[in-house]
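Peer 1: Got a file for you: start-v1.cif, mmCIF, C-alpha atoms.
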```cif
data_structure
loop_
_atom_site.label_atom_id
_atom_site.label_comp_id
_atom_site.auth_asym_id
_atom_site.auth_seq_id
_atom_site.Cartn_x
_atom_site.Cartn_y
_atom_site.Cartn_z
CA MET I 1 0.00 0.00 0.00
CA VAL I 2 1.14 3.52 -0.71
CA PRO I 3 1.72 5.63 2.42
CA GLU I 4 -1.19 7.92 1.60
CA ALA I 5 -3.60 4.97 1.60
CA VAL I 6 -2.20 3.53 4.82
CA GLU I 7 -2.52 6.90 6.55
CA ALA I 8 -6.05 7.54 5.30
CA MET I 9 -7.25 4.07 6.22
CA ALA I 10 -5.54 3.92 9.61
CA ALA I 11 -7.09 7.23 10.62
CA ARG I 12 -10.57 5.70 10.28
CA LEU I 13 -10.07 2.17 11.61
CA GLY I 14 -10.99 3.09 15.17
CA GLU I 15 -14.12 5.02 14.25
CA VAL I 16 -17.63 3.60 14.47
CA GLY I 17 -20.54 4.46 12.25
CA ASN I 18 -22.50 2.55 9.62
CA PRO I 19 -22.77 4.75 6.49
CA SER I 20 -26.39 3.61 6.14
CA SER I 21 -27.39 4.83 9.61
CA LEU I 22 -29.04 8.17 10.26
CA HIS I 23 -27.36 9.03 13.57
CA ALA I 24 -24.36 11.36 13.79
CA SER I 25 -21.71 8.64 13.49
CA GLY I 26 -23.51 7.15 10.51
CA ARG I 27 -23.78 10.52 8.77
CA ALA I 28 -20.07 11.16 9.35
CA ALA I 29 -19.20 7.79 7.83
CA ARG I 30 -21.53 8.46 4.89
CA ARG I 31 -19.81 11.76 4.22
CA LEU I 32 -16.43 9.99 4.04
CA VAL I 33 -17.83 7.35 1.70
CA GLU I 34 -19.38 9.91 -0.64
CA GLU I 35 -16.24 12.05 -0.70
CA ALA I 36 -14.26 8.91 -1.60
CA ARG I 37 -16.81 8.09 -4.30
CA GLU I 38 -16.35 11.52 -5.84
CA THR I 39 -12.55 11.16 -5.74
CA LEU I 40 -12.74 7.76 -7.42
CA ALA I 41 -15.20 8.97 -10.03
CA ALA I 42 -12.84 11.79 -11.00
CA ALA I 43 -9.93 9.33 -11.20
CA LEU I 44 -11.89 6.90 -13.38
CA GLY I 45 -13.65 9.36 -15.70
CA ALA I 46 -17.06 8.39 -14.31
CA ARG I 47 -19.99 9.97 -12.53
CA PRO I 48 -20.10 9.43 -8.75
CA SER I 49 -23.41 7.56 -9.10
CA GLU I 50 -21.65 5.06 -11.39
CA VAL I 51 -19.08 4.05 -8.77
CA LEU I 52 -20.28 1.04 -6.75
CA PHE I 53 -18.18 -0.37 -3.92
CA THR I 54 -17.51 -4.12 -3.72
CA GLY I 55 -15.16 -6.49 -1.93
CA GLY I 56 -12.68 -6.69 -4.82
CA GLY I 57 -12.14 -7.59 -8.45
CA THR I 58 -13.59 -11.10 -8.29
CA GLU I 59 -16.85 -9.89 -6.79
CA SER I 60 -17.11 -7.06 -9.30
CA ASP I 61 -16.50 -9.42 -12.23
CA ASN I 62 -19.12 -11.87 -10.98
CA LEU I 63 -21.62 -9.09 -10.35
CA ALA I 64 -21.13 -7.65 -13.82
CA VAL I 65 -21.13 -10.89 -15.79
CA LYS I 66 -23.96 -12.65 -13.94
CA GLY I 67 -25.99 -9.50 -13.38
CA LEU I 68 -25.86 -8.37 -17.00
CA TYR I 69 -26.66 -11.86 -18.26
CA TRP I 70 -29.69 -12.25 -15.97
CA GLN I 71 -30.91 -8.75 -16.82
CA ARG I 72 -30.72 -9.21 -20.57
CA ARG I 73 -32.25 -12.68 -20.41
CA SER I 74 -35.14 -11.35 -18.31
CA GLU I 75 -35.81 -8.67 -20.92
CA GLN I 76 -35.46 -11.01 -23.91
CA SER I 77 -35.41 -14.73 -23.17
CA GLY I 78 -33.50 -15.50 -26.36
CA ARG I 79 -30.44 -13.55 -25.26
CA ARG I 80 -28.30 -16.38 -23.87
CA ARG I 81 -24.99 -16.04 -25.71
CA ILE I 82 -22.02 -14.64 -23.83
CA LEU I 83 -19.03 -13.52 -25.91
CA ALA I 84 -15.84 -13.56 -23.82
CA SER I 85 -12.20 -13.43 -24.76
CA ALA I 86 -10.32 -16.71 -24.43
CA VAL I 87 -7.70 -15.05 -22.20
CA GLU I 88 -9.94 -13.75 -19.39
CA HIS I 89 -8.98 -13.94 -15.73
CA HIS I 90 -10.62 -16.84 -13.90
CA ALA I 91 -12.90 -14.38 -12.08
CA VAL I 92 -14.63 -13.81 -15.42
CA MET I 93 -13.98 -17.17 -17.03
CA ASP I 94 -15.33 -19.23 -14.14
CA ALA I 95 -18.35 -16.95 -13.73
CA VAL I 96 -19.18 -17.45 -17.40
CA LEU I 97 -18.74 -21.22 -17.15
CA TRP I 98 -21.02 -21.27 -14.08
CA LEU I 99 -23.72 -19.48 -16.05
CA ALA I 100 -23.35 -22.06 -18.82
CA GLU I 101 -23.68 -24.95 -16.38
CA HIS I 102 -26.48 -23.59 -14.20
CA GLU I 103 -28.30 -20.82 -16.10
CA GLY I 104 -28.48 -21.96 -19.71
CA ALA I 105 -25.86 -19.56 -21.05
CA VAL I 106 -24.21 -20.37 -24.37
CA VAL I 107 -20.56 -19.39 -24.16
CA GLU I 108 -18.51 -18.36 -27.17
CA TRP I 109 -14.82 -17.76 -26.53
CA LEU I 110 -13.44 -15.04 -28.77
CA PRO I 111 -10.10 -16.21 -30.21
CA VAL I 112 -6.97 -14.11 -29.82
CA ASP I 113 -3.86 -13.69 -31.93
CA ARG I 114 -0.36 -14.76 -30.88
CA THR I 115 0.03 -11.66 -28.73
CA GLY I 116 -3.20 -12.38 -26.85
CA ARG I 117 -5.27 -9.67 -28.53
CA VAL I 118 -8.91 -9.81 -29.68
CA HIS I 119 -9.42 -8.14 -33.04
CA PRO I 120 -12.53 -6.03 -33.66
CA ASP I 121 -13.42 -7.98 -36.81
CA THR I 122 -13.47 -11.17 -34.70
CA LEU I 123 -16.07 -9.63 -32.41
CA GLU I 124 -17.96 -8.21 -35.37
CA ALA I 125 -18.27 -11.66 -36.94
CA ALA I 126 -19.45 -13.24 -33.69
CA LEU I 127 -22.11 -10.58 -33.17
CA ALA I 128 -23.27 -10.47 -36.76
CA ALA I 129 -23.86 -14.24 -36.82
CA ASP I 130 -26.90 -13.84 -34.53
CA PRO I 131 -27.06 -10.45 -32.81
CA ALA I 132 -30.44 -11.03 -31.15
CA SER I 133 -29.05 -13.94 -29.13
CA VAL I 134 -26.15 -12.09 -27.44
CA ALA I 135 -26.58 -11.08 -23.80
CA LEU I 136 -23.22 -9.42 -23.23
CA VAL I 137 -19.59 -9.11 -24.25
CA THR I 138 -16.73 -9.23 -21.74
CA VAL I 139 -13.11 -8.54 -22.71
CA MET I 140 -10.44 -7.53 -20.21
CA TRP I 141 -8.68 -4.19 -20.72
CA ALA I 142 -5.19 -5.65 -20.24
CA ASN I 143 -4.10 -9.23 -19.62
CA ASN I 144 -2.82 -10.17 -16.20
CA GLU I 145 -0.36 -12.81 -17.44
CA VAL I 146 1.25 -11.51 -20.63
CA GLY I 147 0.37 -7.82 -20.28
CA THR I 148 -1.28 -7.41 -23.69
CA VAL I 149 -3.50 -4.34 -23.95
CA GLN I 150 -6.81 -4.84 -25.77
CA PRO I 151 -8.28 -2.31 -28.25
CA VAL I 152 -11.14 -1.63 -25.84
CA ASP I 153 -12.48 1.48 -27.57
CA GLU I 154 -12.74 -0.32 -30.92
CA LEU I 155 -14.33 -3.42 -29.41
CA VAL I 156 -16.89 -1.35 -27.50
CA ALA I 157 -17.82 0.51 -30.68
CA VAL I 158 -18.56 -2.80 -32.40
CA ALA I 159 -20.76 -4.05 -29.55
CA SER I 160 -22.56 -0.70 -29.26
CA ALA I 161 -23.61 -0.90 -32.89
CA TYR I 162 -25.55 -4.06 -31.97
CA ASP I 163 -26.89 -2.63 -28.69
CA VAL I 164 -25.03 -5.28 -26.65
CA PRO I 165 -23.65 -4.33 -23.20
CA PHE I 166 -19.90 -4.53 -22.78
CA HIS I 167 -18.00 -5.29 -19.55
CA SER I 168 -14.26 -5.02 -19.14
CA ASP I 169 -12.03 -6.21 -16.30
CA ALA I 170 -9.70 -3.22 -15.90
CA VAL I 171 -7.98 -4.51 -12.76
CA GLN I 172 -4.56 -4.53 -14.44
CA ALA I 173 -5.11 -1.40 -16.50
CA PHE I 174 -6.14 1.21 -13.93
CA GLY I 175 -3.09 2.97 -12.55
CA ALA I 176 -0.87 1.67 -15.36
CA LEU I 177 -2.74 2.98 -18.43
CA PRO I 178 -5.03 5.95 -19.13
CA VAL I 179 -8.47 4.67 -18.09
CA ASP I 180 -11.54 6.82 -18.75
CA PHE I 181 -14.87 5.09 -18.28
CA ALA I 182 -16.99 7.68 -20.04
CA ALA I 183 -14.66 7.99 -23.02
CA SER I 184 -14.41 4.22 -23.42
CA GLY I 185 -18.14 3.75 -23.86
CA LEU I 186 -18.16 0.75 -21.54
CA ASP I 187 -21.30 -0.30 -19.71
CA ALA I 188 -19.47 -1.90 -16.78
CA MET I 189 -15.86 -1.94 -15.61
CA THR I 190 -14.04 -3.76 -12.82
CA VAL I 191 -11.33 -2.17 -10.65
CA THR I 192 -9.66 -3.35 -7.45
CA GLY I 193 -7.61 -1.63 -4.76
CA HIS I 194 -4.54 -3.78 -4.21
CA LYS I 195 -3.30 -3.34 -7.78
CA ILE I 196 -2.88 0.42 -7.27
CA GLY I 197 -1.39 0.46 -3.78
CA GLY I 198 -4.72 0.38 -1.99
CA PRO I 199 -6.08 -2.10 0.55
CA LEU I 200 -6.84 -5.74 -0.11
CA GLY I 201 -10.53 -6.62 -0.19
CA ALA I 202 -11.75 -3.32 -1.60
CA GLY I 203 -12.92 -2.96 -5.18
CA LEU I 204 -15.30 -1.22 -7.53
CA LEU I 205 -17.80 -1.95 -10.21
CA VAL I 206 -18.20 1.10 -12.40
CA LEU I 207 -21.69 0.75 -13.85
CA GLY I 208 -23.22 3.11 -16.39
CA ARG I 209 -26.03 5.16 -14.85
CA THR I 210 -28.60 3.84 -17.35
CA VAL I 211 -27.43 0.21 -17.11
CA ASP I 212 -29.55 -2.21 -15.10
CA LEU I 213 -28.41 -5.55 -13.79
CA VAL I 214 -29.74 -8.21 -11.45
CA PRO I 215 -27.89 -8.22 -8.11
CA VAL I 216 -25.99 -11.26 -6.85
CA LEU I 217 -26.38 -10.24 -3.19
CA HIS I 218 -29.67 -9.23 -1.61
CA GLY I 219 -30.10 -7.31 1.60
CA GLY I 220 -30.14 -3.66 2.56
CA GLY I 221 -30.18 -2.23 -0.94
CA GLN I 222 -26.91 -0.32 -0.70
CA GLU I 223 -25.07 0.81 -3.85
CA ARG I 224 -28.05 1.45 -6.12
CA ASP I 225 -29.64 -1.78 -4.88
CA VAL I 226 -26.97 -3.57 -6.90
CA ARG I 227 -24.59 -4.58 -4.11
CA SER I 228 -26.11 -4.88 -0.66
CA GLY I 229 -23.94 -4.95 2.44
CA THR I 230 -22.51 -2.62 5.07
CA LEU I 231 -19.83 -0.47 3.48
CA ASP I 232 -16.25 -0.73 4.76
CA THR I 233 -15.55 2.96 5.32
CA PRO I 234 -11.82 2.69 6.21
CA ALA I 235 -11.08 0.51 3.17
CA ILE I 236 -13.07 2.81 0.88
CA VAL I 237 -11.17 5.86 2.13
CA GLY I 238 -7.87 4.03 1.63
CA LEU I 239 -8.88 2.97 -1.88
CA ALA I 240 -9.75 6.54 -2.84
CA ALA I 241 -6.41 7.82 -1.51
CA ALA I 242 -4.54 5.19 -3.51
CA ALA I 243 -6.49 5.99 -6.68
CA GLU I 244 -5.74 9.68 -6.36
CA VAL I 245 -2.01 8.94 -6.11
CA ALA I 246 -2.14 6.38 -8.91
CA VAL I 247 -3.70 8.81 -11.38
CA LYS I 248 -1.47 11.69 -10.36
CA LEU I 249 1.74 9.67 -10.77
CA ARG I 250 0.62 7.30 -13.51
CA ALA I 251 2.66 8.71 -16.38
CA GLU I 252 5.79 9.14 -14.26
CA ARG I 253 5.51 5.65 -12.80
CA ALA I 254 4.76 4.05 -16.14
CA GLU I 255 7.88 5.59 -17.63
CA GLY I 256 10.09 4.51 -14.75
CA VAL I 257 8.67 1.00 -14.40
CA GLY I 258 8.66 0.58 -18.17
CA ALA I 259 12.36 1.42 -18.37
CA LEU I 260 13.14 -1.19 -15.71
CA ARG I 261 11.00 -3.76 -17.52
CA ASP I 262 12.71 -3.04 -20.84
CA ASP I 263 16.10 -3.53 -19.21
CA LEU I 264 14.96 -6.81 -17.67
CA VAL I 265 13.62 -8.13 -20.97
CA ARG I 266 16.75 -7.23 -22.92
CA ARG I 267 19.15 -8.75 -20.40
CA VAL I 268 17.19 -11.95 -19.81
CA LEU I 269 16.94 -12.61 -23.55
CA ASP I 270 20.69 -11.97 -23.88
CA LEU I 271 21.52 -14.38 -21.06
CA VAL I 272 19.06 -17.11 -22.12
CA PRO I 273 18.99 -16.88 -25.93
CA ASP I 274 16.29 -19.52 -26.39
CA ALA I 275 13.92 -17.86 -23.93
CA VAL I 276 10.69 -16.65 -25.53
CA LEU I 277 9.09 -13.31 -24.64
CA GLY I 278 5.35 -13.89 -24.19
CA GLY I 279 2.73 -11.38 -25.24
CA ASP I 280 3.18 -8.37 -27.48
CA PRO I 281 6.84 -7.78 -28.44
CA VAL I 282 6.13 -4.06 -28.82
CA LEU I 283 7.06 -2.74 -25.38
CA THR I 284 4.97 0.43 -25.39
CA PRO I 285 2.02 1.24 -23.08
CA ASP I 286 -0.51 1.08 -25.91
CA HIS I 287 0.54 -2.52 -26.59
CA ARG I 288 1.68 -3.90 -23.24
CA LEU I 289 1.44 -3.09 -19.55
CA PRO I 290 4.61 -1.22 -18.49
CA GLY I 291 5.31 -3.50 -15.51
CA ASN I 292 4.84 -6.87 -17.23
CA ALA I 293 7.62 -9.20 -18.39
CA HIS I 294 6.62 -12.73 -19.38
CA PHE I 295 9.05 -15.42 -20.49
CA SER I 296 8.89 -19.07 -21.49
CA PHE I 297 12.01 -21.17 -20.95
CA PRO I 298 12.20 -24.35 -23.09
CA GLY I 299 13.00 -27.53 -21.19
CA CYS I 300 11.93 -26.10 -17.80
CA GLU I 301 8.95 -26.48 -15.54
CA GLY I 302 7.55 -23.17 -14.34
CA ASP I 303 7.06 -24.40 -10.77
CA ALA I 304 10.70 -25.43 -10.54
CA LEU I 305 11.83 -22.04 -11.82
CA LEU I 306 9.53 -20.26 -9.38
CA LEU I 307 10.79 -22.18 -6.34
CA LEU I 308 14.45 -21.80 -7.30
CA LEU I 309 14.00 -18.05 -7.70
CA ASP I 310 11.97 -17.85 -4.50
CA ALA I 311 14.88 -19.43 -2.64
CA ARG I 312 16.94 -16.45 -3.82
CA GLY I 313 14.36 -13.95 -2.57
CA ILE I 314 12.85 -13.31 -6.01
CA GLU I 315 9.06 -13.64 -6.17
CA CYS I 316 7.37 -14.25 -9.51
CA SER I 317 4.45 -16.25 -10.87
CA THR I 318 3.80 -19.13 -13.24
CA GLY I 319 0.53 -17.54 -14.34
CA SER I 320 -2.33 -15.74 -12.68
CA ALA I 321 -1.86 -15.95 -8.93
CA CYS I 322 -5.37 -17.33 -8.44
CA SER I 323 -4.52 -20.46 -10.42
CA ALA I 324 -0.92 -20.91 -9.31
CA GLY I 325 -0.12 -24.40 -8.10
CA VAL I 326 -2.48 -26.10 -10.56
CA PRO I 327 -0.32 -28.48 -12.63
CA GLN I 328 -1.68 -27.39 -16.00
CA PRO I 329 -0.39 -24.89 -18.53
CA SER I 330 -1.97 -21.45 -18.58
CA HIS I 331 -5.20 -21.21 -20.58
CA VAL I 332 -4.00 -17.77 -21.70
CA LEU I 333 -0.87 -19.16 -23.35
CA LEU I 334 -2.72 -22.06 -24.93
CA ALA I 335 -5.26 -19.64 -26.40
CA MET I 336 -2.35 -17.70 -27.89
CA GLY I 337 -1.11 -20.84 -29.64
CA VAL I 338 1.87 -21.48 -27.36
CA PRO I 339 2.78 -25.20 -27.41
CA GLU I 340 1.89 -26.97 -24.17
CA GLY I 341 5.47 -27.92 -23.36
CA LEU I 342 6.69 -24.35 -23.73
CA ALA I 343 3.70 -23.00 -21.81
CA ARG I 344 4.65 -25.16 -18.83
CA GLY I 345 8.00 -23.38 -18.57
CA SER I 346 6.64 -19.86 -18.29
CA LEU I 347 7.16 -17.15 -15.71
CA ARG I 348 5.63 -13.72 -15.21
CA PHE I 349 7.65 -10.95 -13.56
CA SER I 350 5.58 -8.02 -12.33
CA LEU I 351 7.22 -4.68 -11.60
CA GLY I 352 5.54 -1.88 -9.67
CA HIS I 353 6.09 1.45 -7.99
CA THR I 354 8.41 -0.12 -5.38
CA SER I 355 10.63 -1.87 -7.96
CA THR I 356 14.25 -0.75 -8.33
CA GLN I 357 17.24 -1.31 -10.56
CA ASP I 358 18.68 -3.55 -7.84
CA ASP I 359 15.62 -5.78 -8.19
CA VAL I 360 16.21 -6.14 -11.92
CA ASP I 361 19.92 -6.81 -11.37
CA ALA I 362 19.05 -9.56 -8.87
CA VAL I 363 16.82 -11.33 -11.39
CA VAL I 364 19.42 -11.03 -14.12
CA GLU I 365 22.12 -12.43 -11.86
CA ALA I 366 19.96 -15.39 -10.87
CA ILE I 367 18.16 -16.32 -14.08
CA GLY I 368 21.00 -18.09 -15.93
CA PRO I 369 21.95 -20.54 -13.14
CA VAL I 370 18.30 -21.08 -12.21
CA VAL I 371 17.27 -21.99 -15.77
CA GLU I 372 20.23 -24.34 -16.12
CA ARG I 373 19.41 -26.08 -12.84
CA ALA I 374 15.72 -26.38 -13.74
CA ARG I 375 16.63 -27.92 -17.08
CA ARG I 376 18.89 -30.46 -15.43
CA ALA I 377 16.08 -31.35 -13.02
CA GLY I 378 13.68 -31.78 -15.93
CA GLN I 379 16.11 -34.02 -17.82
CA ASN I 380 16.69 -36.17 -14.74
CA GLY I 381 12.94 -36.52 -14.33
CA VAL I 382 12.57 -37.67 -17.94
CA ARG I 383 15.34 -40.28 -17.48
CA GLN I 384 13.65 -41.66 -14.39
#
```
Can I see the file as structure tokens?

Peer 2:
Amino acid sequence: MVPEAVEAMAARLGEVGNPSSLHASGRAARRLVEEARETLAAALGARPSEVLFTGGGTESDNLAVKGLYWQRRSEQSGRRRILASAVEHHAVMDAVLWLAEHEGAVVEWLPVDRTGRVHPDTLEAALAADPASVALVTVMWANNEVGTVQPVDELVAVASAYDVPFHSDAVQAFGALPVDFAASGLDAMTVTGHKIGGPLGAGLLVLGRTVDLVPVLHGGGQERDVRSGTLDTPAIVGLAAAAEVAVKLRAERAEGVGALRDDLVRRVLDLVPDAVLGGDPVLTPDHRLPGNAHFSFPGCEGDALLLLLDARGIECSTGSACSAGVPQPSHVLLAMGVPEGLARGSLRFSLGHTSTQDDVDAVVEAIGPVVERARRAGQNGVRQ
């Protein structure tokens, strides 16, 4: 967490007051919540009434995907198709699969190119095939594993022409890329706090003011009757403080983190010549997240690489953190056409506002010996 978020949150942790209550403590808490909502709306290019507080990115994704599907199906029973990119985070992917299993949804995974990008003509073809059957489109703004940035504005324009609501998981994008909800034309957008230096367990669903959806939770009717539950005032205040800092320093941070990432990519590929850079090879913010470096190392197992690096104090991931430890190659890489064997030997390095040149140097110093040791371990395993 950034210091500003820690300070703002800590100052409120000892205070009582339910923002939904009418007594003095409740009104004071409500004032803090609404001030935070206004701060977040300004940071996101949205109206305050469009900012709905949730418990994080997974909840926001589920609320958007399920809620939009149920709403559209209730209005027109024939709208059961969900168009989703094949590289979505599991928070979207698993929600979509649940709807297919339990609610009669027909799922169509939009294919991506070798960089992990959905092309507008791909979406156009899927919609044009039977526009009256589509309930919603969901395509993430930027990929959490390989960092590829999607052409969100172009994709939204295609869906809008068919009057189909569009949701985007912008968890990775906000704070790293220019994100403007109103300008994008999106109907719903997911954001979470811990990706921008805010608290864990605090997120947002940005929902267009004219967009209706069926709630997942029922109770007190908070947040436009879309997300019931007592609001976590300290976490909301901390989230708003982090968002304000993230937007203010975004360009400066993106430049600094991007330079470190570029150095890491160049030096790793020099040291391990057969390593493969995953995602878009164009290392600019309009193509790839500035803090993302993804590599595949032939002849290695990703878990072995991860543990060997972890022993040296270097923390990385074999894929999205939510699916780490599952002994299967990443669905993102497979959708991009990466061979299964190569996909198994992949690592993602994420750099952020606390990253330094020393961190990059440490990875560079370790990567050669670690890859060699992992390959030897893999060869021994094959012999056995």

Peer 1: Enumerate, in order of chain and increasing residue number, the residues of stretch 42-130 of chain I with an atom no farther than 10 Å from stretch 154-172 of chain I, each with its shortest atom pair and distance in Å to one decimal, counting only C-alpha atoms, as a tab-separated table.

Peer 2:
```
residue	atom	partner	partner_atom	distance
I:Gly56	CA	I:Val171	CA	9.5
I:Gly57	CA	I:Val171	CA	6.7
I:Thr58	CA	I:Asp169	CA	9.5
I:Ser60	CA	I:Asp169	CA	8.7
I:Asp61	CA	I:Asp169	CA	6.8
I:Ala64	CA	I:His167	CA	6.9
I:Val65	CA	I:His167	CA	7.4
I:Leu68	CA	I:Pro165	CA	7.7
I:Tyr69	CA	I:Pro165	CA	9.5
I:Arg72	CA	I:Pro165	CA	9.0
I:Arg79	CA	I:Val164	CA	10.0
I:Leu83	CA	I:Phe166	CA	9.6
I:Ala84	CA	I:His167	CA	9.6
I:Glu88	CA	I:Asp169	CA	8.4
I:His89	CA	I:Asp169	CA	8.3
I:Ala91	CA	I:Asp169	CA	9.2
I:Val92	CA	I:Asp169	CA	8.1
I:Val118	CA	I:Leu155	CA	8.4
I:His119	CA	I:Leu155	CA	7.7
I:Pro120	CA	I:Leu155	CA	5.3
I:Asp121	CA	I:Val158	CA	8.5
I:Thr122	CA	I:Leu155	CA	9.4
I:Leu123	CA	I:Leu155	CA	7.1
I:Glu124	CA	I:Val158	CA	6.2
I:Ala125	CA	I:Val158	CA	10.0
I:Leu127	CA	I:Tyr162	CA	7.5
I:Ala128	CA	I:Tyr162	CA	8.3
```

Peer 1: Determine, using only C-alpha atoms, which residues of stretch 75-123 of chain I have any atom at most 12 Å from an atom of stretch 328-345 of chain I, and tabulate each with its shortest atom pair and distance in Å to one decimal place, rows ordered by chain and then rising number, as CSV.

Peer 2:
```
residue,atom,partner,partner_atom,distance
I:Ser85,CA,I:Ala335,CA,9.5
I:Ala86,CA,I:Ala335,CA,6.2
I:Val87,CA,I:Val332,CA,4.6
I:Glu88,CA,I:Val332,CA,7.5
I:His89,CA,I:Val332,CA,8.7
I:His90,CA,I:His331,CA,9.6
I:Met93,CA,I:His331,CA,10.3
I:Trp109,CA,I:Ala335,CA,9.7
I:Leu110,CA,I:Ala335,CA,9.7
I:Pro111,CA,I:Ala335,CA,7.1
I:Val112,CA,I:Met336,CA,6.2
I:Asp113,CA,I:Met336,CA,5.9
I:Arg114,CA,I:Met336,CA,4.6
I:Thr115,CA,I:Met336,CA,6.5
I:Gly116,CA,I:Met336,CA,5.5
I:Arg117,CA,I:Met336,CA,8.6
I:Val118,CA,I:Met336,CA,10.4
```

Peer 1: To one decimal place, how far is atom CA of I:Val364 from atom CA of I:Ile314 in Å?

Peer 2: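 Separation between atom CA of I:Val364 and atom CA of I:Ile314: 10.7 Å.
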
Peer 1: Translate the PyMOL selection byres ((chain I and resi 232) around 9) into a concrete residue list for this structure, as a VMD selection string.

Peer 2: chain I and resid 18 to 19 33 53 55 202 230 to 231 233 to 237

Peer 1: Which one of I:Val276, I:Leu289, I:Val139, I:Leu269 sits closest to I:Pro178 if you count all atoms listed in the file?

Peer 2: I:Leu289

Peer 1: At what distance in Å, to one decimal, does atom CA of I:Val179 lie from atom CA of I:Ala43?

Peer 2: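 Atom CA of I:Val179 lies at a distance of 8.4 Å from atom CA of I:Ala43.
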
Peer 1: Hey, what's within 10 Å of I:Glu103 if we count only C-alpha atoms and toss same-chain stuff fewer than 3 positions away? As a VMD selection string, please?

Peer 2: chain I and resid 66 69 to 70 80 96 to 100 106

Peer 1: Considering all atoms listed in the file, state which residue in the set I:Arg373, I:Arg47, I:Arg73, I:Arg261 is at the smallest distance from I:Leu213.

Peer 2: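 The closest residue to I:Leu213 is I:Arg73.
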
Peer 1: Box for stretch 171-187 of chain I: with edges along x, y and z, all listed atoms inside and 6 Å added on each side, what are the centre and edge lengths in Å to one decimal, as JSON?

Peer 2:
```
{"center_x": -11.1, "center_y": 1.7, "center_z": -18.2, "size_x": 32.4, "size_y": 24.5, "size_z": 23.3}
```

Peer 1: Translate the PyMOL selection byres ((chain I and resi 241) around 8), as applied to the file shown, into an explicit residue set as a VMD selection string.

Peer 2: chain I and resid 4 to 5 8 36 198 237 to 240 242 to 245

Peer 1: Rounded to one decimal, what separation in Å do you get between atom CA of I:Asp262 and atom CA of I:Ser355?

Peer 2: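 Between atom CA of I:Asp262 and atom CA of I:Ser355 the gap is 13.1 Å.
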
Peer 1: Write out as a VMD selection string each polymer residue whose atoms come within 6 Å of I:Ser228, counting only C-alpha atoms; drop sequence neighbours fewer than 2 positions from it.

Peer 2: chain I and resid 217 to 222
